[in-house]
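Engineer: If it helps, the file is called input_38.cif and holds mmCIF, C-alpha atoms and all ligand atoms:
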```cif
data_entry
#
loop_
_atom_site.label_atom_id
_atom_site.label_comp_id
_atom_site.auth_asym_id
_atom_site.auth_seq_id
_atom_site.Cartn_x
_atom_site.Cartn_y
_atom_site.Cartn_z
CA MET A 626 39.87 -13.76 -71.24
CA LYS A 627 38.72 -14.86 -74.69
CA GLN A 628 37.64 -18.19 -73.23
CA VAL A 629 35.53 -16.44 -70.59
CA MET A 630 33.83 -14.30 -73.23
CA LYS A 631 33.08 -17.37 -75.34
CA LEU A 632 31.43 -19.05 -72.37
CA ALA A 633 29.63 -15.95 -71.19
CA ILE A 634 27.78 -15.28 -74.41
CA PRO A 635 25.95 -18.62 -74.70
CA MET A 636 25.18 -18.44 -70.97
CA LEU A 637 23.64 -15.01 -71.33
CA TRP A 638 21.75 -16.22 -74.34
CA LEU A 639 20.45 -19.17 -72.34
CA ALA A 640 19.55 -16.92 -69.43
CA GLY A 641 17.68 -14.66 -71.84
CA ILE A 642 15.69 -17.54 -73.25
CA SER A 643 14.75 -18.85 -69.83
CA ALA A 644 13.74 -15.37 -68.65
CA VAL A 645 11.42 -15.05 -71.64
CA ASP A 646 10.09 -18.57 -71.23
CA ALA A 647 9.58 -18.23 -67.50
CA LYS A 648 6.78 -15.65 -67.89
CA PRO A 649 6.71 -14.38 -64.32
CA ILE A 650 3.53 -14.80 -62.32
CA ALA A 651 2.85 -13.41 -58.88
CA LEU A 652 0.05 -12.94 -56.39
CA VAL A 653 -0.15 -10.74 -53.31
CA LEU A 654 -3.00 -10.51 -50.80
CA HIS A 655 -3.87 -8.40 -47.78
CA GLY A 656 -6.41 -9.00 -45.07
CA GLY A 657 -6.37 -5.50 -43.62
CA ALA A 658 -4.01 -3.32 -41.61
CA GLY A 659 -4.35 -1.82 -38.17
CA VAL A 660 -3.61 -2.31 -34.54
CA ILE A 661 -2.82 -5.99 -34.70
CA GLU A 662 -0.48 -6.85 -31.86
CA ARG A 663 0.85 -10.11 -30.57
CA SER A 664 -0.62 -9.37 -27.17
CA THR A 665 -4.17 -8.99 -28.49
CA LEU A 666 -4.26 -11.80 -31.05
CA SER A 667 -4.81 -15.27 -29.60
CA THR A 668 -2.77 -18.16 -30.95
CA GLU A 669 -5.93 -19.86 -32.24
CA LYS A 670 -7.14 -16.74 -34.04
CA GLU A 671 -3.73 -16.13 -35.55
CA ALA A 672 -3.58 -19.72 -36.80
CA ALA A 673 -7.08 -19.46 -38.28
CA ILE A 674 -6.25 -16.21 -40.08
CA ARG A 675 -2.99 -17.61 -41.46
CA LYS A 676 -4.79 -20.73 -42.64
CA ASP A 677 -7.43 -18.75 -44.55
CA LEU A 678 -4.84 -16.41 -46.05
CA GLU A 679 -2.76 -19.38 -47.15
CA ALA A 680 -5.77 -21.14 -48.69
CA ALA A 681 -6.72 -18.01 -50.67
CA LEU A 682 -3.09 -17.57 -51.77
CA THR A 683 -2.68 -21.19 -52.84
CA ALA A 684 -5.93 -21.26 -54.83
CA GLY A 685 -5.25 -17.95 -56.60
CA TYR A 686 -1.65 -18.90 -57.37
CA GLN A 687 -2.70 -22.29 -58.75
CA LYS A 688 -5.02 -20.49 -61.13
CA LEU A 689 -2.11 -18.40 -62.40
CA LYS A 690 0.10 -21.49 -62.72
CA ASP A 691 -2.61 -23.19 -64.77
CA GLY A 692 -2.54 -20.26 -67.20
CA GLY A 693 -5.57 -18.48 -65.73
CA THR A 694 -5.93 -14.71 -65.93
CA SER A 695 -4.94 -12.29 -63.19
CA LEU A 696 -8.60 -11.23 -63.06
CA ASP A 697 -9.69 -14.80 -62.30
CA ALA A 698 -6.93 -15.22 -59.71
CA VAL A 699 -7.83 -12.07 -57.75
CA THR A 700 -11.54 -12.88 -58.02
CA LEU A 701 -11.00 -16.37 -56.62
CA SER A 702 -8.75 -15.28 -53.75
CA ILE A 703 -11.05 -12.43 -52.75
CA THR A 704 -14.14 -14.65 -52.87
CA MET A 705 -12.46 -17.07 -50.46
CA LEU A 706 -11.50 -14.27 -48.07
CA GLU A 707 -15.05 -12.87 -48.27
CA ASP A 708 -16.36 -16.27 -47.20
CA SER A 709 -14.02 -16.37 -44.20
CA PRO A 710 -15.50 -14.83 -41.02
CA HIS A 711 -12.05 -13.59 -39.99
CA PHE A 712 -11.94 -10.68 -42.40
CA ASN A 713 -13.94 -7.50 -42.77
CA ALA A 714 -15.41 -8.43 -46.15
CA GLY A 715 -18.43 -10.60 -46.93
CA LYS A 716 -19.12 -12.85 -43.92
CA GLY A 717 -17.58 -11.10 -40.91
CA ALA A 718 -18.01 -7.57 -42.30
CA VAL A 719 -18.12 -4.78 -39.73
CA PHE A 720 -21.36 -3.09 -38.62
CA ASN A 721 -22.19 0.50 -39.47
CA ALA A 722 -23.64 2.95 -36.93
CA ALA A 723 -27.17 1.81 -37.78
CA GLY A 724 -26.27 -1.78 -36.86
CA SER A 725 -26.31 -3.07 -40.44
CA HIS A 726 -23.74 -3.89 -43.11
CA GLU A 727 -22.89 -1.93 -46.24
CA LEU A 728 -20.35 -3.70 -48.41
CA ASP A 729 -18.03 -2.11 -50.95
CA ALA A 730 -15.81 -3.76 -53.58
CA ALA A 731 -13.83 -2.97 -56.72
CA ILE A 732 -11.83 -4.75 -59.39
CA MET A 733 -9.59 -3.44 -62.16
CA ASP A 734 -8.16 -5.09 -65.24
CA GLY A 735 -4.80 -3.40 -65.73
CA PHE A 736 -4.27 -4.66 -69.27
CA LYS A 737 -7.53 -3.43 -70.74
CA GLY A 738 -8.00 -0.53 -68.33
CA ARG A 739 -11.49 -1.72 -67.40
CA ALA A 740 -12.91 -1.40 -63.89
CA GLY A 741 -16.02 -2.27 -61.92
CA ALA A 742 -17.12 -1.25 -58.43
CA ILE A 743 -20.09 -1.43 -56.08
CA ALA A 744 -20.83 0.30 -52.79
CA GLY A 745 -23.40 -0.02 -50.03
CA VAL A 746 -24.79 -3.47 -50.83
CA SER A 747 -26.16 -5.79 -48.16
CA THR A 748 -27.59 -8.92 -49.82
CA VAL A 749 -24.87 -10.05 -52.22
CA ARG A 750 -22.82 -12.82 -50.63
CA ASN A 751 -19.67 -12.05 -52.64
CA PRO A 752 -19.50 -8.35 -53.43
CA ILE A 753 -16.40 -8.83 -55.62
CA LEU A 754 -18.47 -10.90 -58.06
CA LEU A 755 -20.95 -8.04 -58.38
CA ALA A 756 -18.13 -5.54 -58.95
CA ARG A 757 -16.76 -7.78 -61.67
CA ALA A 758 -20.21 -8.05 -63.25
CA VAL A 759 -20.46 -4.24 -63.31
CA MET A 760 -17.16 -4.22 -65.21
CA GLU A 761 -18.04 -7.00 -67.63
CA GLN A 762 -21.79 -6.78 -68.03
CA SER A 763 -22.64 -3.09 -67.79
CA PRO A 764 -21.39 0.06 -69.50
CA HIS A 765 -20.69 1.60 -66.06
CA VAL A 766 -17.85 1.58 -63.57
CA MET A 767 -19.72 1.96 -60.29
CA LEU A 768 -23.18 1.12 -58.97
CA VAL A 769 -24.33 1.87 -55.42
CA GLY A 770 -27.00 0.88 -52.92
CA ALA A 771 -30.45 -0.01 -54.26
CA GLY A 772 -29.27 0.33 -57.86
CA ALA A 773 -26.44 -2.15 -57.31
CA GLU A 774 -28.85 -4.58 -55.62
CA ALA A 775 -31.28 -4.23 -58.55
CA PHE A 776 -28.44 -4.97 -60.99
CA ALA A 777 -27.62 -8.08 -58.93
CA ASP A 778 -31.28 -9.22 -59.27
CA GLY A 779 -30.67 -9.80 -62.96
CA LEU A 780 -27.54 -11.90 -62.39
CA ASP A 781 -26.87 -15.43 -61.27
CA LEU A 782 -25.21 -14.48 -57.96
CA LYS A 783 -25.67 -15.93 -54.48
CA ARG A 784 -27.94 -13.68 -52.40
CA VAL A 785 -28.26 -13.72 -48.63
CA GLU A 786 -30.19 -12.08 -45.82
CA PRO A 787 -28.19 -9.13 -44.44
CA SER A 788 -27.87 -11.05 -41.15
CA TYR A 789 -25.68 -13.60 -42.96
CA PHE A 790 -22.78 -11.15 -42.61
CA ASP A 791 -23.18 -10.86 -38.79
CA THR A 792 -20.59 -12.20 -36.40
CA GLN A 793 -20.50 -11.87 -32.63
CA GLU A 794 -17.03 -10.35 -32.69
CA ARG A 795 -18.01 -7.52 -35.03
CA LEU A 796 -21.13 -6.82 -32.97
CA GLN A 797 -19.02 -6.51 -29.84
CA GLN A 798 -16.68 -4.12 -31.66
CA LEU A 799 -19.63 -1.93 -32.62
CA GLU A 800 -21.02 -1.94 -29.09
CA LYS A 801 -17.65 -1.13 -27.62
CA MET A 802 -17.15 1.72 -30.00
CA GLN A 803 -20.62 3.15 -29.46
CA ARG A 804 -20.16 3.00 -25.68
CA ALA A 805 -16.82 4.78 -26.06
CA GLU A 806 -18.45 7.38 -28.28
CA GLU A 807 -21.17 8.04 -25.69
CA SER A 808 -18.59 8.49 -22.99
CA GLY A 809 -16.57 10.83 -25.20
CA ALA A 810 -13.63 8.43 -25.52
CA ALA A 811 -14.21 7.38 -29.13
CA ALA A 812 -10.70 8.32 -30.16
CA ALA A 813 -9.30 5.59 -27.94
CA TYR A 814 -11.11 2.99 -30.03
CA ALA A 815 -10.54 4.56 -33.41
CA PRO A 816 -7.76 2.16 -34.43
CA VAL A 817 -9.99 -0.90 -34.21
CA ARG A 818 -12.31 0.61 -36.77
CA TYR A 819 -10.27 -0.39 -39.72
CA PHE A 820 -8.80 -3.73 -40.16
CA GLY A 821 -9.84 -6.85 -41.99
CA THR A 822 -10.50 -5.42 -45.45
CA VAL A 823 -9.24 -7.82 -48.12
CA GLY A 824 -7.29 -7.11 -51.29
CA ALA A 825 -5.46 -8.94 -54.06
CA VAL A 826 -3.12 -8.04 -56.90
CA ALA A 827 -1.98 -10.59 -59.49
CA LEU A 828 0.26 -10.86 -62.56
CA ASP A 829 -0.59 -13.60 -65.06
CA GLN A 830 1.42 -15.44 -67.73
CA ASN A 831 0.30 -12.93 -70.36
CA GLY A 832 1.87 -10.13 -68.34
CA SER A 833 -1.52 -8.67 -67.32
CA LEU A 834 -2.00 -7.17 -63.87
CA ALA A 835 -5.31 -7.03 -61.98
CA ALA A 836 -6.22 -5.58 -58.58
CA ALA A 837 -9.27 -6.08 -56.36
CA THR A 838 -10.47 -4.98 -52.93
CA SER A 839 -13.52 -5.88 -50.82
CA THR A 840 -14.63 -4.49 -47.46
CA GLY A 841 -17.36 -3.83 -44.94
CA GLY A 842 -15.77 -0.41 -44.44
CA MET A 843 -15.20 0.97 -40.95
CA THR A 844 -16.98 -0.05 -37.74
CA ASN A 845 -19.65 2.49 -36.71
CA LYS A 846 -19.37 4.33 -40.03
CA ARG A 847 -22.26 6.60 -40.81
CA PHE A 848 -25.05 5.04 -42.89
CA GLY A 849 -24.22 5.77 -46.52
CA ARG A 850 -20.49 6.33 -45.96
CA VAL A 851 -18.26 4.96 -48.72
CA GLY A 852 -14.52 4.47 -48.17
CA ASP A 853 -11.59 4.20 -50.54
CA SER A 854 -11.83 0.48 -51.36
CA PRO A 855 -14.38 0.78 -54.22
CA ILE A 856 -13.02 4.11 -55.48
CA ILE A 857 -10.88 3.41 -58.52
CA GLY A 858 -7.53 5.14 -58.03
CA ALA A 859 -7.93 5.47 -54.25
CA GLY A 860 -8.18 1.95 -52.80
CA THR A 861 -7.87 -0.07 -56.00
CA PHE A 862 -5.96 0.52 -59.23
CA ALA A 863 -4.13 -1.38 -61.98
CA ASP A 864 -2.57 -0.48 -65.30
CA ARG A 865 -0.05 -2.30 -67.52
CA ARG A 866 2.87 -1.60 -65.20
CA CYS A 867 1.49 -1.53 -61.70
CA GLY A 868 -1.34 -2.86 -59.52
CA VAL A 869 -2.33 -1.72 -56.01
CA SER A 870 -4.91 -2.60 -53.35
CA ALA A 871 -5.04 -0.51 -50.19
CA THR A 872 -6.35 -0.87 -46.67
CA GLY A 873 -6.67 1.63 -43.86
CA HIS A 874 -8.48 4.81 -42.92
CA GLY A 875 -10.36 5.32 -46.18
CA GLU A 876 -10.95 9.06 -46.00
CA PHE A 877 -7.19 9.68 -46.06
CA PHE A 878 -6.67 7.20 -48.88
CA ILE A 879 -9.35 8.92 -50.97
CA ARG A 880 -7.89 12.38 -50.42
CA SER A 881 -4.41 11.17 -51.37
CA VAL A 882 -5.71 9.04 -54.29
CA VAL A 883 -3.27 6.46 -52.98
CA ALA A 884 -3.39 3.58 -55.47
CA HIS A 885 -3.13 5.77 -58.54
CA GLU A 886 -0.57 8.02 -56.88
CA ILE A 887 1.73 5.03 -56.38
CA CYS A 888 1.48 3.87 -60.00
CA ALA A 889 1.73 7.39 -61.42
CA ARG A 890 4.70 8.28 -59.23
CA ALA A 891 6.57 5.17 -60.36
CA ARG A 892 5.79 5.94 -64.01
CA TYR A 893 6.64 9.62 -63.95
CA THR A 894 9.72 9.50 -61.76
CA GLY A 895 11.20 6.19 -62.89
CA ARG A 896 11.24 4.99 -59.29
CA SER A 897 10.27 1.36 -58.70
CA VAL A 898 6.66 0.59 -57.76
CA GLY A 899 8.02 -0.67 -54.45
CA LYS A 900 9.80 2.60 -53.69
CA ALA A 901 6.79 4.67 -54.73
CA ALA A 902 4.50 2.57 -52.52
CA GLN A 903 6.79 2.96 -49.51
CA GLU A 904 6.96 6.72 -49.99
CA VAL A 905 3.22 7.15 -50.30
CA VAL A 906 2.49 5.00 -47.24
CA ARG A 907 5.04 7.03 -45.24
CA GLU A 908 3.50 10.30 -46.40
CA LEU A 909 0.05 9.05 -45.39
CA LYS A 910 1.21 8.45 -41.85
CA ALA A 911 2.51 12.01 -41.68
CA ILE A 912 -0.99 13.36 -42.36
CA GLY A 913 -2.68 10.87 -39.99
CA GLY A 914 -3.69 8.26 -42.55
CA GLU A 915 -3.09 4.85 -41.06
CA GLY A 916 -2.94 1.71 -43.18
CA GLY A 917 -0.97 0.00 -45.88
CA VAL A 918 -0.96 -1.27 -49.45
CA ILE A 919 0.03 -4.28 -51.49
CA ALA A 920 1.50 -3.64 -54.92
CA LEU A 921 2.98 -5.52 -57.85
CA ASP A 922 4.86 -4.40 -60.94
CA ALA A 923 4.82 -6.02 -64.37
CA LYS A 924 7.87 -8.14 -63.47
CA GLY A 925 6.04 -9.62 -60.50
CA ARG A 926 7.97 -7.70 -57.86
CA VAL A 927 5.96 -7.57 -54.65
CA THR A 928 5.80 -4.81 -52.07
CA MET A 929 3.64 -4.68 -48.93
CA PRO A 930 4.37 -1.50 -46.92
CA PHE A 931 2.19 -0.40 -43.97
CA ASN A 932 2.41 2.27 -41.29
CA THR A 933 0.38 0.44 -38.60
CA PRO A 934 1.61 -2.16 -36.09
CA GLY A 935 0.44 -4.95 -38.38
CA MET A 936 -1.08 -5.91 -41.72
CA TYR A 937 -2.37 -9.36 -42.62
CA ARG A 938 -0.53 -10.19 -45.82
CA ALA A 939 0.49 -13.07 -48.06
CA ALA A 940 2.39 -13.29 -51.32
CA VAL A 941 4.06 -15.50 -53.88
CA ASP A 942 6.55 -13.43 -55.86
CA SER A 943 7.92 -14.06 -59.36
CA ASN A 944 10.65 -16.32 -57.90
CA GLY A 945 8.03 -18.46 -56.21
CA LYS A 946 8.99 -17.13 -52.77
CA ILE A 947 6.06 -17.40 -50.34
CA THR A 948 5.45 -14.91 -47.52
CA ILE A 949 2.64 -15.04 -44.97
CA ALA A 950 2.91 -12.44 -42.24
CA ILE A 951 0.91 -10.36 -39.80
CA PHE A 952 3.11 -8.17 -37.66
CA GLY A 953 5.72 -5.57 -38.46
CA SER A 954 9.35 -6.51 -38.21
N1 LIG B 1001 -10.19 1.26 -46.27
C1 LIG B 1001 -11.42 0.72 -45.77
C2 LIG B 1001 -12.43 1.83 -45.66
O1 LIG B 1001 -12.07 2.93 -45.30
C3 LIG B 1001 -11.28 0.07 -44.44
C4 LIG B 1001 -10.12 -0.87 -44.30
O2 LIG B 1001 -9.27 -0.95 -45.17
O3 LIG B 1001 -10.05 -1.57 -43.29
O4 LIG B 1001 -13.58 1.58 -45.88
#
```
Represent the structure of the file as structure tokens.
Structural biologist:
Amino acid sequence: MKQVMKLAIPMLWLAGISAVDAKPIALVLHGGAGVIERSTLSTEKEAAIRKDLEAALTAGYQKLKDGGTSLDAVTLSITMLEDSPHFNAGKGAVFNAAGSHELDAAIMDGFKGRAGAIAGVSTVRNPILLARAVMEQSPHVMLVGAGAEAFADGLDLKRVEPSYFDTQERLQQLEKMQRAEESGAAAAYAPVRYFGTVGAVALDQNGSLAAATSTGGMTNKRFGRVGDSPIIGAGTFADRRCGVSATGHGEFFIRSVVAHEICARARYTGRSVGKAAQEVVRELKAIGGEGGVIALDAKGRVTMPFNTPGMYRAAVDSNGKITIAIFGS
């Protein structure tokens, strides 16, 4: 017995040292939730989506491995997903009812409690960079529409014609939905309105969490409509213990203040962030709010619950375990 104790103490001590030295890092991404089913997703499209998710995951994770900040990791991953036409953010954003694009994005620095957000922009190639500039280069948290565009005029950001964001697929989705609306069958197409939004949450070597979300919103949304993604606390939130990015039917996520609710519930009840996220996503479904979230805690524990048939998602957890998945189990 004594011998075992003698051995156990140095081993624990060693384990303690390595746990401190290891400084967990983690990165989790989503590319939207919704009615994504094997029967409707072609093999080529699935492969293309997986490839772009993996590239964004690899680049963001490398940044963390190199000692970069969680803010830089989420910014890099989101920028790459915005540039991919397969997601509803940046290039490939959905059309609103007026046949144009209005992009929303937000970012939050969980360590310092800073945040930046923009809504309703249509000429900034990477909306997440503008949201970050609002956080770092203005005294404000959120700028919208013409004011956000004017703020971008003073920055060194890539600008584009609004038509840059167009894709044939998104146009067809709009037309289909508008035809359904005219024939009174809009509800049948409601689920396709929300998927493809992108989000990222990261934990860096300093133990800082950051969360970011970028979206074109919902297909056929009314001109001027803003969803949950750029609303701090609803679609995007991070503090020192918890980071969340959401995707789904924004109106429900705003009313339930989903991202903050998850972090607050974990803090106040002592439940894990993972448990709190699962509960909140389940409760959303009960009130008709379809979608999902990605979340991380300060130890780099990943959770990715959703209440829809699928959610594009990718993660590297604190043990280095990689997940890339689309469908439910
Ligand atoms: N939550 C986004 C919105 O309501 C849409 C999405 O996540 O797909 O604007």
Engineer: How close does region 759-812 of chain A get to region 838-844 of chain A? List, as a tab-separated table, each residue of region 759-812 of chain A within 9 Å, its nearest atom pair and the distance in Å to one decimal, counting all atoms listed in the file.
Structural biologist:
```
residue	atom	partner	partner_atom	distance
A:Arg795	CA	A:Thr844	CA	8.0
A:Gln798	CA	A:Thr844	CA	7.3
A:Leu799	CA	A:Thr844	CA	6.1
A:Met802	CA	A:Thr844	CA	7.9
```
Engineer: Just the number, please: distance in Å from CA of Ile947 (chain A) to CA of Val699 (chain A), one decimal.
Structural biologist: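 Going from CA of Ile947 (chain A) over to CA of Val699 (chain A) covers 16.6 Å.
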Engineer: Considering all atoms listed in the file, state which residue in the set A:Pro787, A:Gly693, A:Gly824, A:Gly860 is at the smallest distance from Met705 (chain A).
Structural biologist: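 Distance minimum relative to Met705 (chain A) lands on A:Gly824.
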Engineer: Do you have, as JSON lines, the list of residues of chain A lying at most 9 Å from ligand LIG 1001 (chain B), each with its nearest atom pair and that distance in Å to one decimal, counting all atoms listed in the file and ordered by chain then number?
Structural biologist:
```
{"residue": "A:Gly656", "atom": "CA", "partner": "B:LIG1001", "partner_atom": "O3", "distance": 8.5}
{"residue": "A:Gly657", "atom": "CA", "partner": "B:LIG1001", "partner_atom": "O3", "distance": 5.4}
{"residue": "A:Ala658", "atom": "CA", "partner": "B:LIG1001", "partner_atom": "O3", "distance": 6.5}
{"residue": "A:Gly659", "atom": "CA", "partner": "B:LIG1001", "partner_atom": "O3", "distance": 7.7}
{"residue": "A:Asn713", "atom": "CA", "partner": "B:LIG1001", "partner_atom": "O3", "distance": 7.1}
{"residue": "A:Leu728", "atom": "CA", "partner": "B:LIG1001", "partner_atom": "O4", "distance": 9.0}
{"residue": "A:Asp729", "atom": "CA", "partner": "B:LIG1001", "partner_atom": "O4", "distance": 7.7}
{"residue": "A:Arg818", "atom": "CA", "partner": "B:LIG1001", "partner_atom": "O3", "distance": 7.2}
{"residue": "A:Tyr819", "atom": "CA", "partner": "B:LIG1001", "partner_atom": "O3", "distance": 3.8}
{"residue": "A:Phe820", "atom": "CA", "partner": "B:LIG1001", "partner_atom": "O3", "distance": 4.0}
{"residue": "A:Gly821", "atom": "CA", "partner": "B:LIG1001", "partner_atom": "O3", "distance": 5.4}
{"residue": "A:Thr822", "atom": "CA", "partner": "B:LIG1001", "partner_atom": "O3", "distance": 4.4}
{"residue": "A:Val823", "atom": "CA", "partner": "B:LIG1001", "partner_atom": "O2", "distance": 7.5}
{"residue": "A:Gly824", "atom": "CA", "partner": "B:LIG1001", "partner_atom": "O2", "distance": 8.9}
{"residue": "A:Thr838", "atom": "CA", "partner": "B:LIG1001", "partner_atom": "O2", "distance": 8.8}
{"residue": "A:Ser839", "atom": "CA", "partner": "B:LIG1001", "partner_atom": "C1", "distance": 8.6}
{"residue": "A:Thr840", "atom": "CA", "partner": "B:LIG1001", "partner_atom": "C1", "distance": 6.3}
{"residue": "A:Gly841", "atom": "CA", "partner": "B:LIG1001", "partner_atom": "O4", "distance": 6.7}
{"residue": "A:Gly842", "atom": "CA", "partner": "B:LIG1001", "partner_atom": "O4", "distance": 3.3}
{"residue": "A:Met843", "atom": "CA", "partner": "B:LIG1001", "partner_atom": "O4", "distance": 5.2}
{"residue": "A:Thr844", "atom": "CA", "partner": "B:LIG1001", "partner_atom": "C3", "distance": 8.8}
{"residue": "A:Lys846", "atom": "CA", "partner": "B:LIG1001", "partner_atom": "O4", "distance": 8.7}
{"residue": "A:Arg850", "atom": "CA", "partner": "B:LIG1001", "partner_atom": "O4", "distance": 8.4}
{"residue": "A:Val851", "atom": "CA", "partner": "B:LIG1001", "partner_atom": "O4", "distance": 6.4}
{"residue": "A:Gly852", "atom": "CA", "partner": "B:LIG1001", "partner_atom": "O4", "distance": 3.8}
{"residue": "A:Asp853", "atom": "CA", "partner": "B:LIG1001", "partner_atom": "N1", "distance": 5.4}
{"residue": "A:Ser854", "atom": "CA", "partner": "B:LIG1001", "partner_atom": "N1", "distance": 5.4}
{"residue": "A:Pro855", "atom": "CA", "partner": "B:LIG1001", "partner_atom": "O4", "distance": 8.4}
{"residue": "A:Gly860", "atom": "CA", "partner": "B:LIG1001", "partner_atom": "N1", "distance": 6.9}
{"residue": "A:Ala871", "atom": "CA", "partner": "B:LIG1001", "partner_atom": "O2", "distance": 6.6}
{"residue": "A:Thr872", "atom": "CA", "partner": "B:LIG1001", "partner_atom": "O2", "distance": 3.3}
{"residue": "A:Gly873", "atom": "CA", "partner": "B:LIG1001", "partner_atom": "O2", "distance": 3.9}
{"residue": "A:His874", "atom": "CA", "partner": "B:LIG1001", "partner_atom": "O1", "distance": 4.7}
{"residue": "A:Gly875", "atom": "CA", "partner": "B:LIG1001", "partner_atom": "O1", "distance": 3.1}
{"residue": "A:Glu876", "atom": "CA", "partner": "B:LIG1001", "partner_atom": "O1", "distance": 6.3}
{"residue": "A:Phe877", "atom": "CA", "partner": "B:LIG1001", "partner_atom": "O1", "distance": 8.4}
{"residue": "A:Phe878", "atom": "CA", "partner": "B:LIG1001", "partner_atom": "N1", "distance": 7.4}
{"residue": "A:Ile879", "atom": "CA", "partner": "B:LIG1001", "partner_atom": "O1", "distance": 8.7}
{"residue": "A:Gly916", "atom": "CA", "partner": "B:LIG1001", "partner_atom": "O2", "distance": 7.1}
{"residue": "A:Gly917", "atom": "CA", "partner": "B:LIG1001", "partner_atom": "O2", "distance": 8.4}
```
Engineer: Find the residues around region 918-935 of chain A up to 7 Å (only C-alpha atoms counted), leave out those fewer than 3 positions away in its own chain, and share them as a ChimeraX atom specification.
Structural biologist: /A:649-651,653-655,658-662,826,828,832,834,865-872,898-899,902-903,906-907,910,915,942-943,951-953
Engineer: Could you tell me which of A:Leu689, A:Ser702, A:Glu727, A:Lys783 comes closest to Ala939 (chain A) if we count all atoms listed in the file?
Structural biologist: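 The shortest atom-to-atom distance to Ala939 (chain A) comes from A:Ser702.
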Engineer: Rounded to one decimal in Å, what is the spacing between CA of Gly914 (chain A) and CA of Ala836 (chain A)?
Structural biologist: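 The value is 21.3 Å.
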Engineer: Please identify all polymer residues within 12 Å of Lys737 (chain A), counting only C-alpha atoms, omitting same-chain residues fewer than 3 positions from it, and present them as a list in words.
Structural biologist: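 My reading of the contact set: Ser695, Leu696, Met733, Asp734, Ala740, Met760, Glu761, Gly832, Ser833, Leu834, Ala835, Ala863, Asp864, Arg865 and Arg866 of chain A.
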Engineer: At a cut-off of 9 Å, using all atoms listed in the file, what residues contact Phe776 (chain A)? Leave out same-chain residues fewer than 6 positions from it and give the result as an MDAnalysis selection string.
Structural biologist: chainID A and resid 755 759 768
Engineer: Could you pull the residues within 6 Å of Gly741 (chain A), counting only C-alpha atoms, minus those fewer than 4 positions along the same chain, as a PyMOL selection string?
Structural biologist: chain A and resi 731-732+756-757+759-760+766-767
Engineer: So what do you get for CA of Gly724 (chain A) versus CA of Thr792 (chain A), distance-wise?
Structural biologist: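 Separation between CA of Gly724 (chain A) and CA of Thr792 (chain A): 11.9 Å.
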Engineer: Nearest to Cys888 (chain A): which of A:Gly735, A:Val749, A:Thr948, A:Phe848 is it, counting only C-alpha atoms?
Structural biologist: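 Nearest to Cys888 (chain A): A:Gly735.
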Engineer: Give the answer as one residue: which of A:Gly913, A:Asp791, A:Leu701, A:Glu904 has the shortest atom-to-atom distance to Ile753 (chain A), using only C-alpha atoms?
Structural biologist: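 Ranked by minimum distance to Ile753 (chain A), first place goes to A:Leu701.
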Engineer: Quick one: 4 Å padding each side, axis-aligned, all listed atoms of region 827-838 of chain A - centre and edge lengths in Å to one decimal, as lines of an AutoDock Vina configuration file?
Structural biologist:
```
center_x = -4.3
center_y = -10.2
center_z = -61.6
size_x = 20.3
size_y = 18.5
size_z = 25.4
```
Engineer: Using all atoms listed in the file, can you tell me which of A:Arg739, A:Gln830, A:Ile856, A:Gly717 comes closest to Pro764 (chain A)?
Structural biologist: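 Once distances to Pro764 (chain A) are computed over all atoms listed in the file, the minimum belongs to A:Arg739.
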Engineer: Do a neighbour search on Ala672 (chain A) at 12 Å with all atoms listed in the file, toss out local chain neighbours closer than 4 positions, and write the hits as a list in words.
Structural biologist: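 Those residues are Leu666, Ser667, Thr668, Lys676, Asp677, Leu678, Glu679, His711, Tyr937, Ile949, Ala950 and Ile951 of chain A.
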Engineer: For a quick check of understanding, using only C-alpha atoms, which of A:Ala884, A:Ala680, A:Ala714, A:Ala722 has the smallest distance to Ser747 (chain A)?
Structural biologist: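 Checking each candidate against Ser747 (chain A), we get A:Ala714 as the closest.
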